[in-house]
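For reference, model27.txt is printed below; it contains compact mmCIF, C-alpha atoms and all ligand atoms.
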# COMPACT_ATOMS: atom_id res chain seq x y z
CA ALA A 118 -33.37 -48.61 -56.01
CA LYS A 119 -29.86 -48.70 -54.58
CA GLU A 120 -28.48 -47.30 -57.78
CA LEU A 121 -31.04 -44.59 -57.80
CA GLY A 122 -30.22 -43.76 -54.20
CA ARG A 123 -26.57 -43.28 -54.94
CA ASN A 124 -27.26 -41.18 -57.99
CA THR A 125 -29.63 -39.08 -56.01
CA TYR A 126 -27.01 -38.63 -53.33
CA GLN A 127 -24.31 -37.72 -55.83
CA PHE A 128 -26.62 -35.33 -57.53
CA TYR A 129 -27.50 -33.84 -54.18
CA ALA A 130 -23.87 -33.51 -53.10
CA ALA A 131 -22.94 -31.88 -56.38
CA GLU A 132 -25.81 -29.49 -56.04
CA MET A 133 -24.78 -28.65 -52.49
CA THR A 134 -21.25 -27.79 -53.54
CA ALA A 135 -22.53 -25.71 -56.40
CA ARG A 136 -24.81 -23.91 -54.02
CA ALA A 137 -22.08 -23.34 -51.44
CA ARG A 138 -19.86 -21.95 -54.17
CA GLU A 139 -22.63 -19.73 -55.40
CA ARG A 140 -23.21 -18.36 -51.89
CA LEU A 141 -19.55 -17.64 -51.44
CA ALA A 142 -19.47 -15.81 -54.76
CA LEU A 143 -22.57 -13.88 -53.79
CA GLU A 144 -21.03 -12.86 -50.49
CA GLY A 145 -17.98 -11.47 -52.25
CA ALA A 146 -20.14 -9.73 -54.81
CA LEU A 147 -22.22 -8.10 -52.06
CA ARG A 148 -19.11 -6.76 -50.36
CA ARG A 149 -17.88 -5.26 -53.59
CA ALA A 150 -21.34 -3.90 -54.36
CA LEU A 151 -21.32 -1.93 -51.13
CA GLU A 152 -17.94 -0.44 -51.97
CA ARG A 153 -18.97 0.30 -55.54
CA GLU A 154 -22.26 1.82 -54.46
CA GLU A 155 -24.37 -0.52 -56.51
CA PHE A 156 -27.25 -0.46 -54.04
CA THR A 157 -30.21 1.79 -54.52
CA LEU A 158 -33.55 2.43 -52.85
CA ARG A 159 -37.11 2.44 -54.10
CA TYR A 160 -39.89 4.19 -52.23
CA GLN A 161 -43.46 3.02 -51.78
CA PRO A 162 -46.17 5.41 -50.55
CA ILE A 163 -48.27 4.66 -47.48
CA VAL A 164 -51.74 6.13 -47.78
CA ASP A 165 -54.22 7.23 -45.12
CA LEU A 166 -57.64 6.95 -46.70
CA ARG A 167 -59.28 9.23 -44.14
CA GLY A 168 -57.58 12.22 -45.71
CA GLY A 169 -56.91 10.40 -48.95
CA ARG A 170 -53.28 11.34 -48.83
CA VAL A 171 -49.80 9.93 -48.61
CA VAL A 172 -48.69 10.00 -44.97
CA GLY A 173 -45.63 7.83 -45.18
CA VAL A 174 -43.13 6.03 -47.33
CA GLU A 175 -41.22 2.77 -47.03
CA ALA A 176 -37.67 2.53 -48.31
CA LEU A 177 -36.97 -0.75 -50.11
CA LEU A 178 -33.54 -1.98 -51.06
CA ARG A 179 -32.44 -2.96 -54.57
CA TRP A 180 -29.12 -4.09 -55.95
CA ARG A 181 -28.29 -2.68 -59.34
CA HIS A 182 -26.04 -5.47 -60.54
CA PRO A 183 -23.78 -4.54 -63.48
CA GLU A 184 -24.64 -7.77 -65.36
CA ARG A 185 -27.72 -9.23 -63.76
CA GLY A 186 -29.71 -6.01 -63.65
CA MET A 187 -31.99 -5.14 -60.77
CA VAL A 188 -31.71 -7.78 -58.03
CA MET A 189 -34.56 -7.95 -55.49
CA PRO A 190 -33.92 -8.17 -51.73
CA GLU A 191 -35.25 -11.73 -51.46
CA GLN A 192 -32.18 -12.80 -53.39
CA PHE A 193 -29.56 -11.21 -51.21
CA VAL A 194 -30.87 -9.89 -47.87
CA SER A 195 -30.71 -13.25 -46.07
CA ILE A 196 -27.07 -13.74 -47.13
CA ALA A 197 -26.29 -10.20 -46.07
CA GLU A 198 -27.83 -11.09 -42.70
CA GLU A 199 -25.89 -14.34 -42.32
CA THR A 200 -22.59 -12.72 -43.17
CA GLY A 201 -23.20 -9.64 -41.04
CA LEU A 202 -22.96 -7.43 -44.12
CA ILE A 203 -26.48 -6.25 -43.35
CA VAL A 204 -24.99 -4.06 -40.61
CA PRO A 205 -23.06 -1.65 -42.89
CA LEU A 206 -25.65 -2.11 -45.63
CA GLY A 207 -28.50 -1.32 -43.26
CA GLU A 208 -26.68 1.77 -42.08
CA TRP A 209 -26.34 2.88 -45.68
CA VAL A 210 -30.09 2.34 -46.18
CA LEU A 211 -30.95 4.37 -43.10
CA ARG A 212 -28.69 7.28 -44.01
CA THR A 213 -29.71 7.32 -47.67
CA ALA A 214 -33.44 7.15 -46.92
CA CYS A 215 -33.29 9.88 -44.25
CA ALA A 216 -31.27 12.12 -46.57
CA GLN A 217 -33.79 11.47 -49.35
CA CYS A 218 -36.72 12.49 -47.15
CA ARG A 219 -34.99 15.72 -46.22
CA GLU A 220 -34.33 16.37 -49.90
CA TRP A 221 -38.03 15.95 -50.72
CA GLU A 222 -38.89 18.36 -47.94
CA ALA A 223 -36.37 20.89 -49.17
CA ALA A 224 -38.12 20.63 -52.54
CA GLY A 225 -41.40 21.59 -50.90
CA LEU A 226 -43.08 18.23 -50.42
CA PRO A 227 -45.00 17.65 -47.19
CA PRO A 228 -43.12 15.89 -44.38
CA LEU A 229 -43.69 12.14 -44.35
CA ARG A 230 -43.09 9.31 -41.96
CA LEU A 231 -40.24 7.16 -43.24
CA GLY A 232 -40.30 3.40 -42.72
CA VAL A 233 -36.97 1.58 -42.81
CA ASN A 234 -36.59 -2.19 -42.48
CA ILE A 235 -34.21 -3.30 -39.76
CA SER A 236 -33.07 -6.91 -39.57
CA ALA A 237 -32.71 -8.79 -36.29
CA ARG A 238 -28.98 -8.88 -36.87
CA GLN A 239 -28.81 -5.08 -36.81
CA PHE A 240 -30.94 -4.97 -33.72
CA GLN A 241 -28.57 -7.25 -31.85
CA ARG A 242 -25.84 -4.65 -32.12
CA PRO A 243 -25.54 -2.72 -28.89
CA ASP A 244 -24.67 0.42 -30.88
CA LEU A 245 -27.83 0.51 -33.01
CA ALA A 246 -29.44 3.37 -31.07
CA ASP A 247 -26.20 5.39 -31.31
CA THR A 248 -26.02 4.76 -35.04
CA VAL A 249 -29.63 5.85 -35.49
CA ALA A 250 -29.06 8.97 -33.36
CA ARG A 251 -25.98 9.89 -35.39
CA ILE A 252 -27.78 9.47 -38.71
CA LEU A 253 -30.75 11.52 -37.53
CA GLU A 254 -28.41 14.27 -36.50
CA GLU A 255 -26.36 14.15 -39.69
CA THR A 256 -29.41 14.31 -41.92
CA GLY A 257 -31.58 16.57 -39.77
CA MET A 258 -34.40 14.05 -39.84
CA PRO A 259 -36.74 14.49 -36.83
CA PRO A 260 -36.77 11.23 -34.79
CA LYS A 261 -40.59 11.19 -34.67
CA ARG A 262 -40.75 10.81 -38.42
CA LEU A 263 -38.52 7.76 -38.56
CA GLU A 264 -40.16 4.39 -38.11
CA LEU A 265 -38.07 1.27 -37.78
CA GLU A 266 -39.87 -1.78 -39.15
CA LEU A 267 -38.98 -4.84 -37.10
CA THR A 268 -39.98 -8.45 -37.61
CA GLU A 269 -41.22 -10.88 -35.04
CA THR A 270 -38.07 -13.03 -35.30
CA LEU A 271 -36.41 -10.24 -33.35
CA LEU A 272 -38.58 -11.07 -30.37
CA MET A 273 -37.21 -14.58 -30.33
CA GLN A 274 -33.67 -13.38 -29.83
CA SER A 275 -32.40 -12.17 -26.50
CA LEU A 276 -35.60 -10.58 -25.32
CA GLU A 277 -34.23 -8.43 -22.52
CA ALA A 278 -31.62 -6.81 -24.78
CA THR A 279 -34.26 -6.32 -27.46
CA ILE A 280 -36.61 -4.60 -25.05
CA ALA A 281 -33.81 -2.35 -23.78
CA ALA A 282 -32.91 -1.33 -27.34
CA MET A 283 -36.56 -0.69 -28.19
CA GLN A 284 -36.99 1.45 -25.12
CA ARG A 285 -33.93 3.49 -25.94
CA LEU A 286 -35.08 4.16 -29.49
CA SER A 287 -38.57 4.91 -28.31
CA ALA A 288 -37.26 7.36 -25.72
CA MET A 289 -35.43 9.13 -28.55
CA GLY A 290 -38.80 9.57 -30.23
CA VAL A 291 -38.22 7.00 -32.98
CA GLN A 292 -41.34 5.02 -33.92
CA LEU A 293 -41.33 1.24 -33.98
CA SER A 294 -43.55 -1.10 -35.94
CA ILE A 295 -43.90 -4.84 -36.25
CA ASP A 296 -43.63 -5.85 -39.88
CA ASP A 297 -45.26 -8.93 -41.43
CA PHE A 298 -47.45 -9.14 -38.36
CA GLY A 299 -49.13 -12.47 -37.87
CA THR A 300 -46.50 -14.59 -39.63
CA GLY A 301 -44.09 -14.96 -36.71
CA TYR A 302 -44.23 -16.27 -33.22
CA SER A 303 -44.75 -13.19 -31.17
CA SER A 304 -47.17 -13.49 -28.33
CA LEU A 305 -49.87 -10.90 -28.05
CA ALA A 306 -48.52 -10.06 -24.60
CA TYR A 307 -45.45 -8.48 -26.22
CA LEU A 308 -47.65 -5.94 -27.88
CA LYS A 309 -48.53 -4.59 -24.48
CA ARG A 310 -45.08 -4.88 -23.03
CA LEU A 311 -43.08 -3.34 -25.86
CA PRO A 312 -42.98 0.30 -26.99
CA ILE A 313 -44.55 -0.46 -30.36
CA ASP A 314 -46.49 2.15 -32.30
CA ARG A 315 -47.80 0.23 -35.27
CA LEU A 316 -48.52 -3.17 -36.76
CA LYS A 317 -48.19 -3.99 -40.42
CA ILE A 318 -50.56 -6.78 -41.40
CA ASP A 319 -48.67 -9.19 -43.58
CA ARG A 320 -49.53 -9.31 -47.26
CA SER A 321 -50.33 -13.03 -47.02
CA PHE A 322 -53.48 -12.19 -45.02
CA VAL A 323 -54.48 -9.45 -47.41
CA GLN A 324 -54.08 -11.16 -50.75
CA ASP A 325 -57.11 -13.46 -50.51
CA ILE A 326 -59.57 -11.18 -48.77
CA PRO A 327 -62.48 -10.71 -48.92
CA GLY A 328 -63.03 -14.14 -50.56
CA ASP A 329 -61.12 -16.31 -48.09
CA PRO A 330 -63.08 -16.43 -44.81
CA ASP A 331 -60.06 -17.45 -42.70
CA ASP A 332 -57.90 -14.61 -43.95
CA ALA A 333 -60.81 -12.21 -43.59
CA ALA A 334 -61.20 -13.31 -39.96
CA ILE A 335 -57.47 -12.97 -39.25
CA ALA A 336 -57.18 -9.55 -40.88
CA SER A 337 -60.19 -8.14 -39.08
CA ALA A 338 -59.05 -9.65 -35.75
CA ILE A 339 -55.59 -8.07 -36.09
CA ILE A 340 -57.17 -4.69 -36.81
CA ALA A 341 -59.47 -4.99 -33.78
CA ILE A 342 -56.73 -6.06 -31.36
CA ALA A 343 -54.37 -3.37 -32.57
CA HIS A 344 -56.95 -0.66 -32.14
CA LYS A 345 -57.88 -1.88 -28.67
CA LEU A 346 -54.19 -1.67 -27.72
CA ASP A 347 -53.98 1.83 -29.20
CA LEU A 348 -51.73 0.79 -32.02
CA THR A 349 -52.24 1.93 -35.57
CA VAL A 350 -52.44 -0.64 -38.34
CA VAL A 351 -51.09 -0.60 -41.85
CA ALA A 352 -52.30 -3.19 -44.34
CA GLU A 353 -49.56 -4.30 -46.72
CA GLY A 354 -49.93 -5.57 -50.25
CA VAL A 355 -53.28 -3.98 -51.07
CA GLU A 356 -53.82 -4.61 -54.76
CA SER A 357 -57.55 -4.32 -55.36
CA GLY A 358 -60.53 -2.14 -54.60
CA ALA A 359 -62.26 -5.11 -52.99
CA GLN A 360 -59.39 -5.59 -50.53
CA LEU A 361 -59.38 -1.88 -49.81
CA ALA A 362 -63.13 -1.83 -49.17
CA PHE A 363 -62.96 -4.82 -46.83
CA LEU A 364 -60.06 -3.41 -44.80
CA ARG A 365 -61.69 -0.05 -44.61
CA SER A 366 -65.00 -1.45 -43.40
CA HIS A 367 -63.05 -3.14 -40.60
CA GLY A 368 -61.46 0.10 -39.51
CA CYS A 369 -58.08 -0.07 -41.24
CA ASP A 370 -57.47 3.21 -43.00
CA VAL A 371 -53.76 3.12 -43.61
CA MET A 372 -52.61 1.03 -46.54
CA GLN A 373 -49.73 0.25 -48.79
CA GLY A 374 -49.73 -1.73 -52.01
CA TYR A 375 -49.68 -1.84 -55.77
CA TYR A 376 -53.26 -0.52 -55.78
CA PHE A 377 -51.74 2.86 -54.95
CA SER A 378 -48.23 2.50 -56.27
CA GLU A 379 -45.34 0.09 -56.61
CA PRO A 380 -42.03 1.07 -55.00
CA ILE A 381 -40.65 3.79 -57.29
CA GLU A 382 -37.61 5.98 -57.82
CA PRO A 383 -37.19 9.18 -55.79
CA ALA A 384 -37.99 11.54 -58.68
CA GLU A 385 -41.10 9.58 -59.56
CA PHE A 386 -42.15 9.57 -55.92
CA ALA A 387 -41.78 13.35 -55.72
CA HIS A 388 -43.85 13.67 -58.87
CA LEU A 389 -46.54 11.37 -57.45
CA LEU A 390 -46.74 13.42 -54.29
CA ALA A 391 -46.89 16.69 -56.16
CA THR A 392 -49.63 15.55 -58.53
CA GLY A 393 -51.58 13.35 -56.11
CA LEU A 394 -52.41 9.67 -56.27
CA PRO A 395 -54.52 8.43 -59.14
CA ALA A 396 -58.09 8.34 -57.83
P1 LIG A 401 -41.38 -6.06 -46.57
O1 LIG A 401 -40.69 -5.20 -45.58
O2 LIG A 401 -42.58 -6.81 -46.11
O3 LIG A 401 -41.71 -5.11 -47.80
C1 LIG A 401 -42.88 -5.18 -48.57
C2 LIG A 401 -42.63 -5.96 -49.84
O4 LIG A 401 -43.87 -6.16 -50.51
C3 LIG A 401 -41.75 -5.22 -50.83
O5 LIG A 401 -41.02 -6.20 -51.56
C4 LIG A 401 -42.77 -4.55 -51.73
O6 LIG A 401 -42.27 -4.24 -53.02
C5 LIG A 401 -43.82 -5.62 -51.81
N1 LIG A 401 -45.14 -5.09 -52.09
C6 LIG A 401 -45.66 -3.90 -51.76
N2 LIG A 401 -46.93 -3.78 -52.17
C7 LIG A 401 -47.24 -4.94 -52.79
C8 LIG A 401 -48.42 -5.43 -53.44
O7 LIG A 401 -49.46 -4.77 -53.53
N3 LIG A 401 -48.35 -6.69 -53.95
C9 LIG A 401 -47.23 -7.45 -53.88
N4 LIG A 401 -47.26 -8.66 -54.42
N5 LIG A 401 -46.10 -7.02 -53.27
C10 LIG A 401 -46.11 -5.77 -52.74
P2 LIG A 401 -39.44 -6.05 -51.82
O8 LIG A 401 -39.10 -4.62 -52.10
O9 LIG A 401 -39.08 -7.09 -52.81
O10 LIG A 401 -38.82 -6.41 -50.41
C11 LIG A 401 -38.96 -7.70 -49.89
C12 LIG A 401 -38.46 -7.80 -48.47
O11 LIG A 401 -37.06 -7.58 -48.39
C13 LIG A 401 -39.07 -6.75 -47.55
O12 LIG A 401 -40.37 -7.15 -47.17
C14 LIG A 401 -38.06 -6.76 -46.41
O13 LIG A 401 -38.30 -7.84 -45.55
C15 LIG A 401 -36.76 -7.00 -47.14
N6 LIG A 401 -36.09 -5.70 -47.34
C16 LIG A 401 -36.27 -4.75 -48.29
N7 LIG A 401 -35.47 -3.70 -48.09
C17 LIG A 401 -34.76 -3.96 -46.97
C18 LIG A 401 -33.77 -3.24 -46.21
O14 LIG A 401 -33.38 -2.10 -46.51
N8 LIG A 401 -33.26 -3.85 -45.10
C19 LIG A 401 -33.68 -5.09 -44.69
N9 LIG A 401 -33.15 -5.64 -43.58
N10 LIG A 401 -34.62 -5.79 -45.37
C20 LIG A 401 -35.15 -5.22 -46.49
CA CA A 402 -41.28 -3.56 -44.27
CA CA A 403 -43.91 -6.35 -44.48
CA CA A 404 -44.41 -9.27 -46.04

Spit out the file's structure as structure tokens when you get a sec.
Ligand code: C2E
Ligand code: CA
Ligand code: CA
Ligand code: CA
Amino acid sequence: AKELGRNTYQFYAAEMTARARERLALEGALRRALEREEFTLRYQPIVDLRGGRVVGVEALLRWRHPERGMVMPEQFVSIAEETGLIVPLGEWVLRTACAQCREWEAAGLPPLRLGVNISARQFQRPDLADTVARILEETGMPPKRLELELTETLLMQSLEATIAAMQRLSAMGVQLSIDDFGTGYSSLAYLKRLPIDRLKIDRSFVQDIPGDPDDAAIASAIIAIAHKLDLTVVAEGVESGAQLAFLRSHGCDVMQGYYFSEPIEPAEFAHLLATGLPA
């Protein structure tokens, strides 16, 4: 057992060093990727079933790695957050997505609400609101059409500073939503206290409805609370007609998920909007 213990430890230590080295390499690669413009965005439609049309779009980050191909955000966003690289990267996302929306409009597509993910690390920066204001001005994007998607972890940081930043953005007309709602630690009281416009029900509560009674209860409770507080609700990760029917019968009409479309390239998105969603 002793022998095994030592081997396990040595194995563990070796693995740790390998992992630390890998992280360091990844950090360097991310920095270079930003300089070399290897990042790209995909766009996923957000559909309002009442009118049966696309009312919004979420910008989702991808890394087009020269050797590894398309790298998904799960594999690099947390390191970008830890190293602070998410700040310039997030600014790039915001500018690129706003510019893209304006380009679609110039091409004759209807104006959409644009959702952009903002990490807690970006929100901690006292200059976030200035950065957002500058990008809106540069791109000509109306503030009302930009929605910053925030996660509940943000609310665990310095709350007073967070509230001040939210109020500033809100006063500018920028919309704010809580992403992955239900997975974090936010108290329901925050929903009343903060200038939030929308909740996005996390995919984990959507994937097993209507079959799983607990998830069905949670999803319908979130919809009811949100509506009572005058917030709109978006269900994420809708993949099936059965999920759609359940959500709809509980009053949630705005949805996002593979059922409608995966995140796609800008040209494909424009085509989808011009031709309409598959029925
Ligand atoms: P998120 O903000 O919750 O984004 C939704 C994720 O669910 C996306 O994954 C999307 O592709 C995926 N998704 C959408 N519909 C479905 C569905 O029907 N089924 C399934 N299984 N998945 C669906 P993606 O693009 O891999 O992004 C993962 C996460 O990475 C995002 O989760 C967000 O937290 C983060 N992320 C993405 N882009 C950015 C960014 O620009 N900045 C920051 N800070 N984080 C980002
Ligand atoms: Ca999101
Ligand atoms: Ca989400
Ligand atoms: Ca999620």

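Nearest residue to ligand CA 404 (chain A), choosing from A:Glu220, A:Glu266, A:Glu254, A:Asp319 and counting all atoms listed in the file: A:Asp319.
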
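For ligand CA 403 (chain A), the neighbouring polymer residues at 7 Å or closer are Asp296, Asp297, Lys317, Asp319, Arg320 and Glu353 of chain A, only C-alpha atoms and all ligand atoms being used.
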
Using only C-alpha atoms, please write the residues we just selected to a file, as a PDB file, in the frame of the given file.
ATOM      1  CA  ASP A 296     -43.630  -5.850 -39.880  1.00  0.00           C
ATOM      2  CA  ASP A 297     -45.260  -8.930 -41.430  1.00  0.00           C
ATOM      3  CA  LYS A 317     -48.190  -3.990 -40.420  1.00  0.00           C
ATOM      4  CA  ASP A 319     -48.670  -9.190 -43.580  1.00  0.00           C
ATOM      5  CA  ARG A 320     -49.530  -9.310 -47.260  1.00  0.00           C
ATOM      6  CA  GLU A 353     -49.560  -4.300 -46.720  1.00  0.00           C
TER       7      GLU A 353
END

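Going from CA of Arg140 (chain A) over to CA of Gly201 (chain A), you cover 13.9 Å.
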
Requested in this report: Please give me, as number ranges by chain, the residues lying within 9 Å of ligand LIG 401 (chain A) when counting all atoms listed in the file.
Outcome: A: 158-161, 175-179, 189-195, 197-198, 203-204, 206-211, 233-239, 266-268, 296-297, 317, 319-320, 324, 353-357, 373-380

What does the file look like for those residues with C-alpha atoms, as a PDB file, in the coordinates of the input?
ATOM      1  CA  LEU A 158     -33.550   2.430 -52.850  1.00  0.00           C
ATOM      2  CA  ARG A 159     -37.110   2.440 -54.100  1.00  0.00           C
ATOM      3  CA  TYR A 160     -39.890   4.190 -52.230  1.00  0.00           C
ATOM      4  CA  GLN A 161     -43.460   3.020 -51.780  1.00  0.00           C
ATOM      5  CA  GLU A 175     -41.220   2.770 -47.030  1.00  0.00           C
ATOM      6  CA  ALA A 176     -37.670   2.530 -48.310  1.00  0.00           C
ATOM      7  CA  LEU A 177     -36.970  -0.750 -50.110  1.00  0.00           C
ATOM      8  CA  LEU A 178     -33.540  -1.980 -51.060  1.00  0.00           C
ATOM      9  CA  ARG A 179     -32.440  -2.960 -54.570  1.00  0.00           C
ATOM     10  CA  MET A 189     -34.560  -7.950 -55.490  1.00  0.00           C
ATOM     11  CA  PRO A 190     -33.920  -8.170 -51.730  1.00  0.00           C
ATOM     12  CA  GLU A 191     -35.250 -11.730 -51.460  1.00  0.00           C
ATOM     13  CA  GLN A 192     -32.180 -12.800 -53.390  1.00  0.00           C
ATOM     14  CA  PHE A 193     -29.560 -11.210 -51.210  1.00  0.00           C
ATOM     15  CA  VAL A 194     -30.870  -9.890 -47.870  1.00  0.00           C
ATOM     16  CA  SER A 195     -30.710 -13.250 -46.070  1.00  0.00           C
ATOM     17  CA  ALA A 197     -26.290 -10.200 -46.070  1.00  0.00           C
ATOM     18  CA  GLU A 198     -27.830 -11.090 -42.700  1.00  0.00           C
ATOM     19  CA  ILE A 203     -26.480  -6.250 -43.350  1.00  0.00           C
ATOM     20  CA  VAL A 204     -24.990  -4.060 -40.610  1.00  0.00           C
ATOM     21  CA  LEU A 206     -25.650  -2.110 -45.630  1.00  0.00           C
ATOM     22  CA  GLY A 207     -28.500  -1.320 -43.260  1.00  0.00           C
ATOM     23  CA  GLU A 208     -26.680   1.770 -42.080  1.00  0.00           C
ATOM     24  CA  TRP A 209     -26.340   2.880 -45.680  1.00  0.00           C
ATOM     25  CA  VAL A 210     -30.090   2.340 -46.180  1.00  0.00           C
ATOM     26  CA  LEU A 211     -30.950   4.370 -43.100  1.00  0.00           C
ATOM     27  CA  VAL A 233     -36.970   1.580 -42.810  1.00  0.00           C
ATOM     28  CA  ASN A 234     -36.590  -2.190 -42.480  1.00  0.00           C
ATOM     29  CA  ILE A 235     -34.210  -3.300 -39.760  1.00  0.00           C
ATOM     30  CA  SER A 236     -33.070  -6.910 -39.570  1.00  0.00           C
ATOM     31  CA  ALA A 237     -32.710  -8.790 -36.290  1.00  0.00           C
ATOM     32  CA  ARG A 238     -28.980  -8.880 -36.870  1.00  0.00           C
ATOM     33  CA  GLN A 239     -28.810  -5.080 -36.810  1.00  0.00           C
ATOM     34  CA  GLU A 266     -39.870  -1.780 -39.150  1.00  0.00           C
ATOM     35  CA  LEU A 267     -38.980  -4.840 -37.100  1.00  0.00           C
ATOM     36  CA  THR A 268     -39.980  -8.450 -37.610  1.00  0.00           C
ATOM     37  CA  ASP A 296     -43.630  -5.850 -39.880  1.00  0.00           C
ATOM     38  CA  ASP A 297     -45.260  -8.930 -41.430  1.00  0.00           C
ATOM     39  CA  LYS A 317     -48.190  -3.990 -40.420  1.00  0.00           C
ATOM     40  CA  ASP A 319     -48.670  -9.190 -43.580  1.00  0.00           C
ATOM     41  CA  ARG A 320     -49.530  -9.310 -47.260  1.00  0.00           C
ATOM     42  CA  GLN A 324     -54.080 -11.160 -50.750  1.00  0.00           C
ATOM     43  CA  GLU A 353     -49.560  -4.300 -46.720  1.00  0.00           C
ATOM     44  CA  GLY A 354     -49.930  -5.570 -50.250  1.00  0.00           C
ATOM     45  CA  VAL A 355     -53.280  -3.980 -51.070  1.00  0.00           C
ATOM     46  CA  GLU A 356     -53.820  -4.610 -54.760  1.00  0.00           C
ATOM     47  CA  SER A 357     -57.550  -4.320 -55.360  1.00  0.00           C
ATOM     48  CA  GLN A 373     -49.730   0.250 -48.790  1.00  0.00           C
ATOM     49  CA  GLY A 374     -49.730  -1.730 -52.010  1.00  0.00           C
ATOM     50  CA  TYR A 375     -49.680  -1.840 -55.770  1.00  0.00           C
ATOM     51  CA  TYR A 376     -53.260  -0.520 -55.780  1.00  0.00           C
ATOM     52  CA  PHE A 377     -51.740   2.860 -54.950  1.00  0.00           C
ATOM     53  CA  SER A 378     -48.230   2.500 -56.270  1.00  0.00           C
ATOM     54  CA  GLU A 379     -45.340   0.090 -56.610  1.00  0.00           C
ATOM     55  CA  PRO A 380     -42.030   1.070 -55.000  1.00  0.00           C
TER      56      PRO A 380
END

Query raised in the report: What does the distance between CA of Ile318 (chain A) and CA of Ile295 (chain A) come to in Å, to one decimal place?
Result: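 Computed distance, CA of Ile318 (chain A) to CA of Ile295 (chain A), equals 8.6 Å.
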
Report task. Neighbourhood query: residues within 12 Å of (-30.7, -10.8, -28.7), file coordinates, counting only C-alpha atoms; return as a list in words. Result -> Ser236, Ala237, Arg238, Gln239, Phe240, Gln241, Arg242, Pro243, Thr270, Leu271, Leu272, Met273, Gln274, Ser275, Leu276, Glu277, Ala278, Thr279, Ile280, Ala281, Ala282 and Met283 of chain A

Query - Residue among A:Asp244, A:Asp165, A:Met258, A:Arg251 lying closest to Ala352 (chain A), counting only C-alpha atoms - result: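 Under the stated criterion, the closest residue is A:Asp165.
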
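Of the residues listed (A:Ser366, A:Gln360, A:Ser321, A:Thr392), A:Ser321 shows the shortest atom-to-atom separation from ligand CA 404 (chain A); distances use all atoms listed in the file.
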
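For the residues A:Leu311, A:Ala250, A:Val291, A:Cys218, ranking by smallest atom-to-atom distance to Gly173 (chain A) using all atoms listed in the file places A:Cys218 first.
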
Report summary line: Across A:Ala246, A:Leu293, A:Ala387, A:Ala343, the smallest distance to ligand CA 402 (chain A), with all atoms listed in the file counted, is shown by A:Leu293

Requested in this report: Choose the residue, out of A:Pro227, A:Gly328, A:Gly232, A:Pro205, that has the smallest atom-to-atom separation from ligand CA 402 (chain A); count all atoms listed in the file.
Outcome: A:Gly232

Requested in this report: Identify the residues around (-60.3, -0.4, -39.9) within a radius of 12 Å, measuring from only C-alpha atoms in the coordinates stated by the file, and give them as number ranges by chain.
Outcome: A: 165-167, 318, 336-345, 348-352, 360-372

Query raised in the report: What is the CA of Val172 (chain A)-CA of Arg230 (chain A) distance in Å, reported with one decimal?
Result: 6.4 Å
